$ cat input_2.cif   # mmCIF, C-alpha atoms
data_target
#
loop_
_atom_site.group_PDB
_atom_site.id
_atom_site.type_symbol
_atom_site.label_atom_id
_atom_site.label_comp_id
_atom_site.auth_asym_id
_atom_site.auth_seq_id
_atom_site.Cartn_x
_atom_site.Cartn_y
_atom_site.Cartn_z
ATOM 1 C CA ARG A 1 18.465 -30.876 -34.138
ATOM 2 C CA ALA A 2 16.788 -32.003 -30.884
ATOM 3 C CA PHE A 3 19.098 -29.714 -28.865
ATOM 4 C CA ASN A 4 18.242 -26.720 -31.049
ATOM 5 C CA LEU A 5 14.516 -27.455 -30.713
ATOM 6 C CA ILE A 6 14.714 -27.580 -26.911
ATOM 7 C CA LYS A 7 16.728 -24.359 -26.851
ATOM 8 C CA GLU A 8 14.162 -22.660 -29.093
ATOM 9 C CA MET A 9 11.318 -23.783 -26.830
ATOM 10 C CA GLU A 10 13.125 -22.477 -23.748
ATOM 11 C CA GLU A 11 13.696 -19.096 -25.369
ATOM 12 C CA LYS A 12 10.002 -18.811 -26.169
ATOM 13 C CA GLN A 13 8.961 -19.488 -22.580
ATOM 14 C CA MET A 14 7.805 -16.421 -20.738
ATOM 15 C CA LYS A 15 10.134 -15.169 -18.032
ATOM 16 C CA LYS A 16 8.199 -14.643 -14.803
ATOM 17 C CA VAL A 17 9.587 -12.473 -11.975
ATOM 18 C CA TYR A 18 8.088 -11.302 -8.668
ATOM 19 C CA PHE A 19 9.108 -7.957 -7.218
ATOM 20 C CA THR A 20 8.139 -6.522 -3.824
ATOM 21 C CA SER A 21 8.191 -2.982 -2.417
ATOM 22 C CA GLU A 22 7.029 -1.579 0.909
ATOM 23 C CA SER A 23 5.757 1.728 2.263
ATOM 24 C CA VAL A 24 5.144 2.988 5.792
ATOM 25 C CA THR A 25 2.774 5.395 7.529
ATOM 26 C CA SER A 26 3.716 8.561 9.406
ATOM 27 C CA GLY A 27 3.626 6.729 12.732
ATOM 28 C CA HIS A 28 6.436 4.337 11.826
ATOM 29 C CA PRO A 29 9.443 5.088 14.119
ATOM 30 C CA ASP A 30 11.800 5.904 11.238
ATOM 31 C CA LYS A 31 9.217 8.185 9.642
ATOM 32 C CA ILE A 32 8.650 9.954 12.967
ATOM 33 C CA CYS A 33 12.334 10.855 12.947
ATOM 34 C CA ASP A 34 12.244 11.951 9.307
ATOM 35 C CA LEU A 35 9.360 14.310 10.078
ATOM 36 C CA ILE A 36 11.114 15.716 13.154
ATOM 37 C CA ALA A 37 14.223 16.468 11.061
ATOM 38 C CA ASP A 38 12.144 17.947 8.222
ATOM 39 C CA SER A 39 10.193 20.136 10.651
ATOM 40 C CA ILE A 40 13.401 21.426 12.223
ATOM 41 C CA LEU A 41 14.704 22.312 8.756
ATOM 42 C CA ASP A 42 11.435 24.113 7.969
ATOM 43 C CA ALA A 43 11.788 26.173 11.154
ATOM 44 C CA ALA A 44 15.388 27.062 10.316
ATOM 45 C CA ILE A 45 14.655 28.162 6.749
ATOM 46 C CA ALA A 46 11.536 30.099 7.814
ATOM 47 C CA GLY A 47 13.677 32.410 9.930
ATOM 48 C CA ASP A 48 16.874 32.256 7.903
ATOM 49 C CA PRO A 49 16.793 31.155 4.246
ATOM 50 C CA GLU A 50 20.593 30.848 4.296
ATOM 51 C CA SER A 51 20.560 28.212 7.050
ATOM 52 C CA HIS A 52 22.953 25.291 6.751
ATOM 53 C CA MET A 53 21.435 22.353 8.631
ATOM 54 C CA ALA A 54 22.451 18.744 9.250
ATOM 55 C CA VAL A 55 20.161 17.749 12.110
ATOM 56 C CA GLU A 56 18.790 14.261 12.666
ATOM 57 C CA ALA A 57 16.731 12.392 15.257
ATOM 58 C CA THR A 58 16.520 9.002 16.939
ATOM 59 C CA ILE A 59 13.613 7.697 19.008
ATOM 60 C CA LYS A 60 13.066 4.781 21.374
ATOM 61 C CA ASP A 61 10.151 4.398 23.789
ATOM 62 C CA ASP A 62 9.475 7.865 25.272
ATOM 63 C CA PHE A 63 12.991 9.180 24.554
ATOM 64 C CA ILE A 64 14.000 11.348 21.584
ATOM 65 C CA LEU A 65 17.542 12.388 20.733
ATOM 66 C CA VAL A 66 17.948 15.355 18.373
ATOM 67 C CA TYR A 67 21.519 15.799 17.206
ATOM 68 C CA GLY A 68 23.724 17.266 14.488
ATOM 69 C CA GLU A 69 25.106 20.551 13.263
ATOM 70 C CA ALA A 70 23.349 23.816 12.550
ATOM 71 C CA ASN A 71 24.461 27.150 11.177
ATOM 72 C CA THR A 72 21.383 29.360 11.328
ATOM 73 C CA LYS A 73 20.178 32.674 12.697
ATOM 74 C CA SER A 74 16.794 31.133 13.517
ATOM 75 C CA ASP A 75 15.877 30.501 17.140
ATOM 76 C CA ILE A 76 14.785 26.867 17.041
ATOM 77 C CA ASP A 77 12.873 25.073 19.791
ATOM 78 C CA TYR A 78 14.169 21.609 18.962
ATOM 79 C CA ALA A 79 12.397 19.831 21.819
ATOM 80 C CA GLY A 80 9.136 21.660 21.206
ATOM 81 C CA ILE A 81 9.171 20.758 17.512
ATOM 82 C CA ALA A 82 9.851 17.093 18.254
ATOM 83 C CA LYS A 83 6.984 16.868 20.744
ATOM 84 C CA ARG A 84 4.608 18.709 18.390
ATOM 85 C CA VAL A 85 5.387 16.266 15.589
ATOM 86 C CA LEU A 86 4.455 13.299 17.800
ATOM 87 C CA LYS A 87 1.150 14.949 18.741
ATOM 88 C CA GLU A 88 0.302 15.778 15.125
ATOM 89 C CA ILE A 89 1.011 12.203 14.053
ATOM 90 C CA GLY A 90 -1.373 10.967 16.737
ATOM 91 C CA TYR A 91 0.733 9.794 19.667
ATOM 92 C CA GLU A 92 -0.520 10.959 23.070
ATOM 93 C CA GLU A 93 2.374 9.803 25.264
ATOM 94 C CA GLU A 94 4.719 12.274 26.946
ATOM 95 C CA TYR A 95 8.248 12.309 25.537
ATOM 96 C CA GLN A 96 11.566 13.540 26.874
ATOM 97 C CA VAL A 97 13.950 15.144 24.391
ATOM 98 C CA LEU A 98 17.731 15.406 24.597
ATOM 99 C CA VAL A 99 19.254 17.954 22.212
ATOM 100 C CA LYS A 100 22.857 17.699 21.027
ATOM 101 C CA VAL A 101 23.087 20.237 18.221
ATOM 102 C CA ASN A 102 26.306 22.164 17.688
ATOM 103 C CA LYS A 103 27.175 24.950 15.282
ATOM 104 C CA GLN A 104 28.381 23.749 11.920
ATOM 105 C CA SER A 105 32.135 23.349 11.616
ATOM 106 C CA ALA A 106 33.823 26.598 10.583
ATOM 107 C CA GLU A 107 35.916 24.600 8.100
ATOM 108 C CA ILE A 108 32.823 23.206 6.383
ATOM 109 C CA ASP A 109 31.068 26.570 6.480
ATOM 110 C CA SER A 110 34.009 28.406 4.894
ATOM 111 C CA ALA A 111 34.221 25.769 2.187
ATOM 112 C CA VAL A 112 30.619 26.248 1.082
ATOM 113 C CA ALA A 113 29.886 29.911 1.923
ATOM 114 C CA HIS A 114 30.712 31.654 -1.347
ATOM 115 C CA ASP A 115 29.050 34.307 -3.458
ATOM 116 C CA GLU A 116 28.622 31.750 -6.231
ATOM 117 C CA ILE A 117 26.581 28.561 -5.923
ATOM 118 C CA SER A 118 28.447 25.858 -4.037
ATOM 119 C CA ALA A 119 27.625 22.460 -2.563
ATOM 120 C CA GLY A 120 27.629 21.531 1.115
ATOM 121 C CA ASP A 121 28.187 17.869 0.412
ATOM 122 C CA GLN A 122 28.631 15.431 -2.442
ATOM 123 C CA GLY A 123 26.361 12.567 -3.356
ATOM 124 C CA ILE A 124 25.082 10.325 -6.105
ATOM 125 C CA MET A 125 21.339 10.178 -6.836
ATOM 126 C CA PHE A 126 19.362 7.907 -9.167
ATOM 127 C CA GLY A 127 15.989 8.570 -10.733
ATOM 128 C CA TYR A 128 13.877 7.712 -13.733
ATOM 129 C CA ALA A 129 10.298 7.695 -15.022
ATOM 130 C CA CYS A 130 8.401 4.637 -16.231
ATOM 131 C CA ASP A 131 5.001 4.032 -17.804
ATOM 132 C CA GLU A 132 3.751 1.405 -15.326
ATOM 133 C CA THR A 133 1.567 3.933 -13.482
ATOM 134 C CA GLU A 134 0.115 7.427 -13.966
ATOM 135 C CA ASN A 135 2.651 8.685 -11.416
ATOM 136 C CA TYR A 136 5.516 7.425 -13.629
ATOM 137 C CA MET A 137 6.644 5.147 -10.813
ATOM 138 C CA PRO A 138 7.061 1.353 -10.602
ATOM 139 C CA LEU A 139 3.771 -0.401 -9.841
ATOM 140 C CA ALA A 140 4.843 -2.057 -6.585
ATOM 141 C CA ILE A 141 6.043 1.089 -4.774
ATOM 142 C CA ASP A 142 3.275 3.249 -6.258
ATOM 143 C CA THR A 143 0.586 0.867 -5.006
ATOM 144 C CA ALA A 144 2.266 0.447 -1.620
ATOM 145 C CA HIS A 145 2.326 4.244 -1.203
ATOM 146 C CA ALA A 146 -1.331 4.539 -2.220
ATOM 147 C CA LEU A 147 -2.301 1.897 0.339
ATOM 148 C CA ALA A 148 -0.254 3.633 3.052
ATOM 149 C CA ARG A 149 -1.934 6.980 2.299
ATOM 150 C CA LYS A 150 -5.372 5.399 2.434
ATOM 151 C CA LEU A 151 -4.491 3.541 5.640
ATOM 152 C CA GLU A 152 -3.458 6.868 7.180
ATOM 153 C CA GLU A 153 -6.745 8.441 6.097
ATOM 154 C CA VAL A 154 -8.838 5.566 7.457
ATOM 155 C CA ARG A 155 -6.865 5.562 10.702
ATOM 156 C CA ARG A 156 -7.520 9.238 11.374
ATOM 157 C CA ALA A 157 -11.257 8.655 10.890
ATOM 158 C CA SER A 158 -11.403 5.478 12.997
ATOM 159 C CA ASN A 159 -12.113 7.113 16.388
ATOM 160 C CA GLY A 160 -9.014 5.582 17.920
ATOM 161 C CA MET A 161 -9.590 2.021 16.699
ATOM 162 C CA LEU A 162 -6.513 2.248 14.474
ATOM 163 C CA LYS A 163 -3.187 3.635 15.733
ATOM 164 C CA PRO A 164 -0.436 5.546 13.870
ATOM 165 C CA ASP A 165 2.138 2.829 13.147
ATOM 166 C CA GLY A 166 1.631 0.909 9.916
ATOM 167 C CA LYS A 167 3.263 -0.699 6.901
ATOM 168 C CA THR A 168 2.111 -1.813 3.467
ATOM 169 C CA GLN A 169 3.785 -4.180 1.025
ATOM 170 C CA VAL A 170 2.939 -5.115 -2.558
ATOM 171 C CA THR A 171 4.317 -7.948 -4.707
ATOM 172 C CA VAL A 172 3.910 -7.594 -8.469
ATOM 173 C CA GLU A 173 4.213 -10.418 -10.973
ATOM 174 C CA TYR A 174 6.127 -9.472 -14.124
ATOM 175 C CA VAL A 175 6.085 -11.490 -17.324
ATOM 176 C CA ASP A 176 8.781 -10.645 -19.875
ATOM 177 C CA GLY A 177 9.455 -7.399 -18.036
ATOM 178 C CA GLU A 178 5.857 -6.191 -18.012
ATOM 179 C CA PRO A 179 3.637 -6.043 -14.894
ATOM 180 C CA LYS A 180 0.781 -8.531 -15.257
ATOM 181 C CA ARG A 181 -0.894 -8.775 -11.844
ATOM 182 C CA ILE A 182 -0.494 -8.137 -8.139
ATOM 183 C CA ASP A 183 0.419 -11.401 -6.464
ATOM 184 C CA ALA A 184 0.207 -10.287 -2.816
ATOM 185 C CA ILE A 185 -0.778 -7.342 -0.636
ATOM 186 C CA VAL A 186 0.373 -7.055 2.962
ATOM 187 C CA ILE A 187 -1.031 -4.502 5.420
ATOM 188 C CA SER A 188 0.161 -4.336 9.018
ATOM 189 C CA THR A 189 -1.441 -1.696 11.198
ATOM 190 C CA GLN A 190 -1.291 -0.832 14.857
ATOM 191 C CA HIS A 191 -4.715 -0.977 16.471
ATOM 192 C CA ALA A 192 -6.635 -0.651 19.727
ATOM 193 C CA ALA A 193 -6.715 -3.759 21.900
ATOM 194 C CA GLU A 194 -10.510 -3.990 21.690
ATOM 195 C CA LEU A 195 -10.502 -4.246 17.882
ATOM 196 C CA SER A 196 -10.651 -7.908 16.862
ATOM 197 C CA GLN A 197 -8.550 -9.273 14.020
ATOM 198 C CA GLU A 198 -11.723 -10.151 12.114
ATOM 199 C CA GLU A 199 -13.000 -6.563 12.349
ATOM 200 C CA LEU A 200 -9.575 -5.267 11.386
ATOM 201 C CA LYS A 201 -9.325 -7.493 8.315
ATOM 202 C CA GLU A 202 -12.769 -6.460 7.113
ATOM 203 C CA MET A 203 -11.898 -2.777 7.614
ATOM 204 C CA MET A 204 -8.645 -3.103 5.651
ATOM 205 C CA MET A 205 -10.294 -4.985 2.785
ATOM 206 C CA GLU A 206 -13.350 -2.760 2.435
ATOM 207 C CA LYS A 207 -11.942 0.664 3.308
ATOM 208 C CA VAL A 208 -8.301 0.446 2.227
ATOM 209 C CA ILE A 209 -7.638 -2.218 -0.412
ATOM 210 C CA LYS A 210 -10.874 -2.154 -2.411
ATOM 211 C CA THR A 211 -10.986 1.650 -2.491
ATOM 212 C CA THR A 212 -7.360 1.994 -3.560
ATOM 213 C CA VAL A 213 -6.109 -0.788 -5.846
ATOM 214 C CA ASP A 214 -7.231 -0.913 -9.465
ATOM 215 C CA PRO A 215 -9.144 -4.217 -9.880
ATOM 216 C CA LYS A 216 -7.382 -4.889 -13.183
ATOM 217 C CA TRP A 217 -4.273 -5.901 -11.216
ATOM 218 C CA LEU A 218 -6.151 -8.300 -8.935
ATOM 219 C CA ASP A 219 -7.394 -11.833 -9.601
ATOM 220 C CA GLU A 220 -8.629 -14.895 -7.740
ATOM 221 C CA ASN A 221 -5.054 -15.872 -6.875
ATOM 222 C CA THR A 222 -4.035 -12.544 -5.319
ATOM 223 C CA ARG A 223 -3.143 -13.083 -1.662
ATOM 224 C CA TYR A 224 -4.149 -10.641 1.084
ATOM 225 C CA LEU A 225 -2.155 -10.748 4.303
ATOM 226 C CA ILE A 226 -3.575 -8.372 6.915
ATOM 227 C CA ASN A 227 -1.670 -8.176 10.203
ATOM 228 C CA PRO A 228 -0.149 -11.579 9.376
ATOM 229 C CA SER A 229 1.789 -11.631 12.654
ATOM 230 C CA GLY A 230 -1.443 -11.217 14.629
ATOM 231 C CA SER A 231 -2.145 -8.593 17.275
ATOM 232 C CA PHE A 232 -0.329 -5.254 16.779
ATOM 233 C CA VAL A 233 -1.265 -3.148 19.812
ATOM 234 C CA VAL A 234 2.213 -1.959 20.850
ATOM 235 C CA GLY A 235 3.714 0.135 18.074
ATOM 236 C CA GLY A 236 5.630 3.271 17.242
ATOM 237 C CA SER A 237 8.751 3.895 19.268
ATOM 238 C CA PHE A 238 7.491 1.555 21.999
ATOM 239 C CA GLY A 239 7.577 -1.357 19.563
ATOM 240 C CA ASP A 240 10.768 -0.465 17.701
ATOM 241 C CA SER A 241 13.442 2.204 17.500
ATOM 242 C CA GLY A 242 13.595 4.838 14.776
ATOM 243 C CA THR A 243 16.274 6.939 13.096
ATOM 244 C CA THR A 244 16.331 9.644 10.431
ATOM 245 C CA GLY A 245 17.136 8.505 6.914
ATOM 246 C CA ARG A 246 16.503 4.802 7.400
ATOM 247 C CA LYS A 247 13.674 4.610 4.854
ATOM 248 C CA ILE A 248 15.426 5.909 1.739
ATOM 249 C CA VAL A 249 14.373 2.813 -0.243
ATOM 250 C CA VAL A 250 10.740 3.575 0.635
ATOM 251 C CA ASP A 251 11.320 7.226 -0.277
ATOM 252 C CA THR A 252 12.716 6.453 -3.742
ATOM 253 C CA TYR A 253 11.867 3.516 -6.007
ATOM 254 C CA GLY A 254 11.139 0.697 -3.576
ATOM 255 C CA GLY A 255 14.297 -1.127 -4.508
ATOM 256 C CA THR A 256 13.889 -1.050 -8.305
ATOM 257 C CA ALA A 257 16.766 1.442 -8.704
ATOM 258 C CA PRO A 258 20.055 2.005 -6.910
ATOM 259 C CA ILE A 259 19.809 4.414 -3.993
ATOM 260 C CA GLY A 260 22.020 7.430 -3.584
ATOM 261 C CA GLY A 261 24.371 8.464 -0.812
ATOM 262 C CA GLY A 262 25.612 11.690 0.714
#
$ encode --input "input_2.cif" --output "structure tokens"
Amino acid sequence: RAFNLIKEMEEKQMKKVYFTSESVTSGHPDKICDLIADSILDAAIAGDPESHMAVEATIKDDFILVYGEANTKSDIDYAGIAKRVLKEIGYEEEYQVLVKVNKQSAEIDSAVAHDEISAGDQGIMFGYACDETENYMPLAIDTAHALARKLEEVRRASNGMLKPDGKTQVTVEYVDGEPKRIDAIVISTQHAAELSQEELKEMMMEKVIKTTVDPKWLDENTRYLINPSGSFVVGGSFGDSGTTGRKIVVDTYGGTAPIGGG
């Protein structure tokens, strides 16, 4: 009888779980490369809707490598597109670009070039909708994205005090499978050397967090970690390398669902 009572009490206890997801801004090295690849694809399709493209990018310091296969009638200025993307994001450095793009394999092209619809590759993709947010996305990744968008907006209006590289992270507390509160918010943003950490923290709290996150998810125990590693002056490709397709968890469900391949 005592054993059954203990078991019943344990079953009635609420199950508490913490789940974290991150997002990044356009100036993150991996996202730079994603935008370069996307912009190249846009240029190809603009001139030739039947383009078959598999072009990627890698960046480190002031060096960009654009590589892959292309079967298109469009005349693409790969280096020019890559440099334009960096300028539009907000980086002012001069970059050198090495292009290694070959024509798509004739074997692959013949396998997919039919009158009927045919696939150029195979892959498995996962997706679903949930009622945690108005965007039908899990709360952690939805909030992290919202913070990253607001950080980008604030950065572009900061007169150079904030720089393009940035990351947001949100930890949600779930009780019995339902989101109850946000346990922690992390914002790391590249900034000008003359901006103090105190000024930065106030800016992030007042202009990013408080204007973005619904107060119903926050309480007196919510933790705010703003540039927790301290100064973040060196960023972008000069602080880390970047490669196309390395943020597919950020681009999907923030880790709450399996990610596809292919």
$ residues_near_point --input "input_2.cif" --point "(2.2, -8.0, 8.1)" --cutoff "10 Å" --atoms "all atoms listed in the file" --output "list of chain:residue names"
A:Gly166, A:Lys167, A:Thr168, A:Gln169, A:Ile185, A:Val186, A:Ile187, A:Ser188, A:Thr189, A:Tyr224, A:Leu225, A:Ile226, A:Asn227, A:Pro228, A:Ser229, A:Gly230, A:Phe232
$ write_last_selection --input "input_2.cif" --atoms "C-alpha atoms" --output "compact mmCIF listing (two decimals), in the coordinates of the input"
# COMPACT_ATOMS: atom_id res chain seq x y z
CA GLY A 166 1.63 0.91 9.92
CA LYS A 167 3.26 -0.70 6.90
CA THR A 168 2.11 -1.81 3.47
CA GLN A 169 3.78 -4.18 1.02
CA ILE A 185 -0.78 -7.34 -0.64
CA VAL A 186 0.37 -7.06 2.96
CA ILE A 187 -1.03 -4.50 5.42
CA SER A 188 0.16 -4.34 9.02
CA THR A 189 -1.44 -1.70 11.20
CA TYR A 224 -4.15 -10.64 1.08
CA LEU A 225 -2.15 -10.75 4.30
CA ILE A 226 -3.58 -8.37 6.92
CA ASN A 227 -1.67 -8.18 10.20
CA PRO A 228 -0.15 -11.58 9.38
CA SER A 229 1.79 -11.63 12.65
CA GLY A 230 -1.44 -11.22 14.63
CA PHE A 232 -0.33 -5.25 16.78
$ atom_distance --input "input_2.cif" --atom1 "atom CA of A:Pro179" --atom2 "atom CA of A:Asp142"
12.7 Å
$ resolve_selection --input "input_2.cif" --expression "the PyMOL selection byres ((chain A and resi 70-80) around 8)" --output "list in words"
Ile40, Ala43, Ala44, Ile45, Ala46, Gly47, Asp48, Glu50, Ser51, His52, Met53, Ala54, Val55, Val66, Gly68, Glu69, Ile81, Ala82, Lys83, Arg84, Val97, Leu98, Val99, Val101, Asn102, Lys103 and Gln104 of chain A
$ resolve_selection --input "input_2.cif" --expression "the PyMOL selection byres ((chain A and resi 177) around 10)" --output "VMD selection string"
chain A and resid 14 to 17 173 to 176 178 to 180
$ write_last_selection --input "input_2.cif" --atoms "C-alpha atoms" --output "compact mmCIF listing (two decimals), in the coordinates of the input"
# COMPACT_ATOMS: atom_id res chain seq x y z
CA MET A 14 7.80 -16.42 -20.74
CA LYS A 15 10.13 -15.17 -18.03
CA LYS A 16 8.20 -14.64 -14.80
CA VAL A 17 9.59 -12.47 -11.98
CA GLU A 173 4.21 -10.42 -10.97
CA TYR A 174 6.13 -9.47 -14.12
CA VAL A 175 6.08 -11.49 -17.32
CA ASP A 176 8.78 -10.64 -19.88
CA GLU A 178 5.86 -6.19 -18.01
CA PRO A 179 3.64 -6.04 -14.89
CA LYS A 180 0.78 -8.53 -15.26
$ atom_distance --input "input_2.cif" --atom1 "atom CA of A:Met203" --atom2 "atom CA of A:Ser26"
19.4 Å
$ closest_residue --input "input_2.cif" --among "A:Ile64, A:Val233, A:Ala144, A:Cys33" --to "A:Gly254" --atoms "all atoms listed in the file"
A:Ala144
$ resolve_selection --input "input_2.cif" --expression "the PyMOL selection byres ((chain A and resi 127) around 10)" --output "MDAnalysis selection string"
chainID A and resid 125:126 128:129 137 252:253 257:260
$ residues_near_point --input "input_2.cif" --point "(0.5, -10.1, -7.6)" --cutoff "10 Å" --atoms "only C-alpha atoms" --output "PyMOL selection string"
chain A and resi 18-20+140+170-174+179-185+217-219+221-224
$ atom_distance --input "input_2.cif" --atom1 "atom CA of A:Met205" --atom2 "atom CA of A:Phe238"
27.0 Å
$ closest_residue --input "input_2.cif" --among "A:Gly255, A:Gly239, A:Gly245, A:Gly261" --to "A:Thr58" --atoms "only C-alpha atoms"
A:Gly245
$ closest_residue --input "input_2.cif" --among "A:Glu194, A:Ile36, A:Thr143, A:Asp62" --to "A:Thr211" --atoms "all atoms listed in the file"
A:Thr143
$ closest_residue --input "input_2.cif" --among "A:Val213, A:Val250, A:Ile141, A:Leu86" --to "A:Leu35" --atoms "all atoms listed in the file"
A:Leu86
$ axis_aligned_box --input "input_2.cif" --around "stretch 204-219 of chain A" --padding-each-side "8 Å" --output "lines of an AutoDock Vina configuration file"
center_x = -8.8
center_y = -4.9
center_z = -3.8
size_x = 25.1
size_y = 29.8
size_z = 34.8
$ closest_residue --input "input_2.cif" --among "A:Glu199, A:Gly27, A:Glu88, A:Ser241" --to "A:Ser39" --atoms "all atoms listed in the file"
A:Glu88
$ closest_residue --input "input_2.cif" --among "A:Asp165, A:Asp61, A:Asp42, A:Asp214" --to "A:His191" --atoms "all atoms listed in the file"
A:Asp165
$ decode --input "input_2.cif" --residues "stretch 43-54 of chain A" --atoms "N, CA, C and O atoms" --output "JSON list (two decimals), in the first residue's frame"
[["chain", "number", "residue", "atom", "x", "y", "z"],
["A", 43, "ALA", "N", 19.96, 35.39, -59.08],
["A", 43, "ALA", "CA", 20.51, 35.91, -60.33],
["A", 43, "ALA", "C", 20.36, 34.89, -61.46],
["A", 43, "ALA", "O", 20.06, 35.25, -62.60],
["A", 44, "ALA", "N", 20.57, 33.62, -61.14],
["A", 44, "ALA", "CA", 20.45, 32.58, -62.15],
["A", 44, "ALA", "C", 19.02, 32.45, -62.65],
["A", 44, "ALA", "O", 18.75, 32.43, -63.86],
["A", 45, "ILE", "N", 18.07, 32.39, -61.74],
["A", 45, "ILE", "CA", 16.67, 32.21, -62.10],
["A", 45, "ILE", "C", 16.11, 33.45, -62.82],
["A", 45, "ILE", "O", 15.26, 33.34, -63.70],
["A", 46, "ALA", "N", 16.61, 34.64, -62.44],
["A", 46, "ALA", "CA", 16.14, 35.87, -63.08],
["A", 46, "ALA", "C", 16.40, 35.84, -64.58],
["A", 46, "ALA", "O", 15.59, 36.32, -65.37],
["A", 47, "GLY", "N", 17.54, 35.29, -64.97],
["A", 47, "GLY", "CA", 17.89, 35.25, -66.39],
["A", 47, "GLY", "C", 17.51, 33.96, -67.08],
["A", 47, "GLY", "O", 17.42, 33.91, -68.31],
["A", 48, "ASP", "N", 17.30, 32.91, -66.28],
["A", 48, "ASP", "CA", 16.99, 31.60, -66.85],
["A", 48, "ASP", "C", 16.19, 30.79, -65.83],
["A", 48, "ASP", "O", 16.76, 30.15, -64.94],
["A", 49, "PRO", "N", 14.86, 30.80, -65.94],
["A", 49, "PRO", "CA", 14.02, 30.09, -64.98],
["A", 49, "PRO", "C", 14.29, 28.59, -64.92],
["A", 49, "PRO", "O", 13.92, 27.93, -63.95],
["A", 50, "GLU", "N", 14.93, 28.04, -65.95],
["A", 50, "GLU", "CA", 15.21, 26.61, -65.97],
["A", 50, "GLU", "C", 16.59, 26.29, -65.40],
["A", 50, "GLU", "O", 17.09, 25.17, -65.57],
["A", 51, "SER", "N", 17.21, 27.22, -64.74],
["A", 51, "SER", "CA", 18.55, 27.01, -64.18],
["A", 51, "SER", "C", 18.57, 25.86, -63.18],
["A", 51, "SER", "O", 17.64, 25.68, -62.39],
["A", 52, "HIS", "N", 19.63, 25.08, -63.23],
["A", 52, "HIS", "CA", 19.89, 24.05, -62.23],
["A", 52, "HIS", "C", 21.16, 24.47, -61.49],
["A", 52, "HIS", "O", 22.26, 24.46, -62.05],
["A", 53, "MET", "N", 21.02, 24.80, -60.22],
["A", 53, "MET", "CA", 22.13, 25.40, -59.47],
["A", 53, "MET", "C", 22.42, 24.61, -58.19],
["A", 53, "MET", "O", 21.52, 24.17, -57.49],
["A", 54, "ALA", "N", 23.70, 24.44, -57.91],
["A", 54, "ALA", "CA", 24.15, 23.85, -56.65],
["A", 54, "ALA", "C", 25.43, 24.57, -56.25],
["A", 54, "ALA", "O", 26.53, 24.02, -56.29]]
